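S.K.: One structure coming up, written as structure tokens, with questions to follow.
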Amino acid sequence: MAQPLKFYFDFLNQSSRALYIFLEASKIPFEAIPISMLKGEHLTGEFRDKVNRFRKLPAITDHGYQLSENVAIFRHLAREKLVPEHWYPRRQLGRSRIDEYLAWQQTNMDVACTDYFQQKWLVPYLQKTRPAENAVNVAGKQLEHTLNDFEQLFLNSRKFMMGDNISFADLSAICEIDQPKSIGYNAFQNRNKLARWYEAVRDELGPYYKDVHGEFEAKLKQSGSSNQGVAQALKQ
């Protein structure tokens, strides 16, 4: 009997949320193994030696094969599992367009959303001070610029980024945007296309998104138990 895929995750991490939703929505059998970043479980020697040598989340073990980095995990699953075509379509350059977005995201959306979150909430939370106005303004301007680029470069009159069907690019993007949105940032001001796209993605993902996003917000509220752990979690 084949060993089930093991998925190691923490919902404080946006990539963990995206892959968890992807696994659930794609009906890929897996064993969910939550790892508490707040307790530093991802930094232990046991995790390094038995799960992931980079000591990062998310991570998987598939038939004894260990893998980390969210994009690498997604591509592995798309190759090795029965994944619905719309997530990573081969036709009409769909797969190449998704790869283009995922590459852009790593140095744009991910950086901007994470930096704003850290300057506005994480650093003040750890240091028990007010947010540094200048740092927040700089991060905010970068986030504004990045969201404008995202709307202009990747969204159009169609429902989702790749057309009428949702893809992993949409799922990855909404989880990124939720990071600053979770602390009150209004991503939709003067961005009607972004607002329509966000609602379409959220509605299409239905209970998979609702449940995971709800757990993420609950973990944020409970994060006071370990300041340093939160720092580690949200820098991944």
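Ordering of the structure tokens sets the chain letters (A, B, ...); residue numbers start at 1 within each chain; ligands are numbered from 1 in the order shown.
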So that I can check the surroundings of Leu67 of chain A, please list as a list in words every protein, DNA and RNA residue that reaches within 9 Å of it, counting only C-alpha atoms and ignoring chain neighbours fewer than 2 positions away.

M.R.: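 Near Leu67 of chain A, the qualifying residues are Val51, Asn52, Arg53, Pro58, Ala59, Ile60, Thr61, Asp62, Tyr65, Glu69, Ala72, Ile73 and His76 of chain A.
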
S.K.: Could the residues in this selection be saved with N, CA and C atoms as a PDB file, in the first residue's frame?

M.R.:
ATOM      1  N   VAL A  51      12.503  15.615   7.801  1.00  0.00           N
ATOM      2  CA  VAL A  51      11.484  16.219   6.942  1.00  0.00           C
ATOM      3  C   VAL A  51      12.084  17.152   5.900  1.00  0.00           C
ATOM      4  N   ASN A  52      12.838  18.157   6.354  1.00  0.00           N
ATOM      5  CA  ASN A  52      13.310  19.153   5.407  1.00  0.00           C
ATOM      6  C   ASN A  52      14.642  19.747   5.841  1.00  0.00           C
ATOM      7  N   ARG A  53      15.642  19.582   5.027  1.00  0.00           N
ATOM      8  CA  ARG A  53      16.993  20.030   5.387  1.00  0.00           C
ATOM      9  C   ARG A  53      17.115  21.549   5.447  1.00  0.00           C
ATOM     10  N   PRO A  58       6.229  25.688   3.653  1.00  0.00           N
ATOM     11  CA  PRO A  58       5.695  24.327   3.698  1.00  0.00           C
ATOM     12  C   PRO A  58       6.722  23.304   3.209  1.00  0.00           C
ATOM     13  N   ALA A  59       6.405  22.033   3.474  1.00  0.00           N
ATOM     14  CA  ALA A  59       7.262  20.930   3.036  1.00  0.00           C
ATOM     15  C   ALA A  59       6.394  19.695   2.837  1.00  0.00           C
ATOM     16  N   ILE A  60       6.886  18.781   2.010  1.00  0.00           N
ATOM     17  CA  ILE A  60       6.171  17.520   1.804  1.00  0.00           C
ATOM     18  C   ILE A  60       7.159  16.359   1.886  1.00  0.00           C
ATOM     19  N   THR A  61       6.598  15.187   2.182  1.00  0.00           N
ATOM     20  CA  THR A  61       7.301  13.926   1.998  1.00  0.00           C
ATOM     21  C   THR A  61       6.390  13.054   1.140  1.00  0.00           C
ATOM     22  N   ASP A  62       6.881  12.657  -0.022  1.00  0.00           N
ATOM     23  CA  ASP A  62       6.080  11.893  -0.974  1.00  0.00           C
ATOM     24  C   ASP A  62       6.846  10.629  -1.356  1.00  0.00           C
ATOM     25  N   TYR A  65      10.323  10.859  -0.490  1.00  0.00           N
ATOM     26  CA  TYR A  65      11.053  11.964  -1.125  1.00  0.00           C
ATOM     27  C   TYR A  65      10.680  13.264  -0.435  1.00  0.00           C
ATOM     28  N   GLU A  69      10.033  24.484  -0.656  1.00  0.00           N
ATOM     29  CA  GLU A  69       9.830  25.600  -1.594  1.00  0.00           C
ATOM     30  C   GLU A  69       8.484  25.423  -2.296  1.00  0.00           C
ATOM     31  N   ALA A  72       8.215  24.703  -6.124  1.00  0.00           N
ATOM     32  CA  ALA A  72       8.717  23.367  -6.436  1.00  0.00           C
ATOM     33  C   ALA A  72       7.715  22.292  -6.014  1.00  0.00           C
ATOM     34  N   ILE A  73       7.101  22.482  -4.855  1.00  0.00           N
ATOM     35  CA  ILE A  73       6.085  21.525  -4.384  1.00  0.00           C
ATOM     36  C   ILE A  73       4.894  21.509  -5.328  1.00  0.00           C
ATOM     37  N   HIS A  76       5.777  19.731  -8.527  1.00  0.00           N
ATOM     38  CA  HIS A  76       5.882  18.291  -8.264  1.00  0.00           C
ATOM     39  C   HIS A  76       4.492  17.659  -8.227  1.00  0.00           C
TER      40      HIS A  76
END

S.K.: Kindly indicate which residue among A:Lys141, A:Lys6, A:Lys27, A:Arg91 lies nearest to Gln66 of chain A, using only C-alpha atoms for the distances.

M.R.: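 Closest to Gln66 of chain A of all the choices is A:Lys6.
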
S.K.: Check the smallest atom-to-atom distance from each of A:Ala187, A:Leu205, A:Lys219, A:Ser182 to Glu24 of chain A using only C-alpha atoms, then report the winner.

M.R.: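 Closest to Glu24 of chain A, using only C-alpha atoms: A:Leu205.
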
S.K.: Give me the residues near Ala112 of chain A as a list in words, where near means some atom within 12 Å (using only C-alpha atoms) and where sequence neighbours in that chain fewer than 5 positions away do not count.

M.R.: Trp104, Gln105, Gln106, Thr107, Phe117, Gln118, Gln119, Val136, Val138, Ala139, Gly140, Lys141, Gln142, Leu143, Glu144, His145, Thr146, Leu147, Asn148, Asp149, Phe150, Glu176, Ile177, Gln179 and Pro180 of chain A

S.K.: As a PyMOL selection string, please: every residue in segment 4-198 of chain A that a backbone DSSP assignment puts in strand (DSSP E).

M.R.: chain A and resi 5-9+30-34+59-62+65-68

S.K.: With only C-alpha atoms counted and 7 Å as the cut-off, give the residues of segment 60-90 of chain A in contact with segment 161-171 of chain A, each with its shortest interatomic distance in Å and the pair that gives it, as a tab-separated table.

M.R.:
residue	atom	partner	partner_atom	distance
A:His86	CA	A:Ser167	CA	5.7
A:Trp87	CA	A:Ser167	CA	4.0
A:Tyr88	CA	A:Ser167	CA	6.2

S.K.: Any idea what's packed within 7 Å of Pro34 of chain A, counting only C-alpha atoms, ignoring anything in its chain fewer than 3 positions away? Could you give it as an NGL selection string?

M.R.: :A and (8-10)

S.K.: Here is a test: counting only C-alpha atoms, which residue of A:Tyr116, A:Pro29, A:Leu19, A:Pro4 is nearest to Ala132 of chain A?

M.R.: A:Tyr116
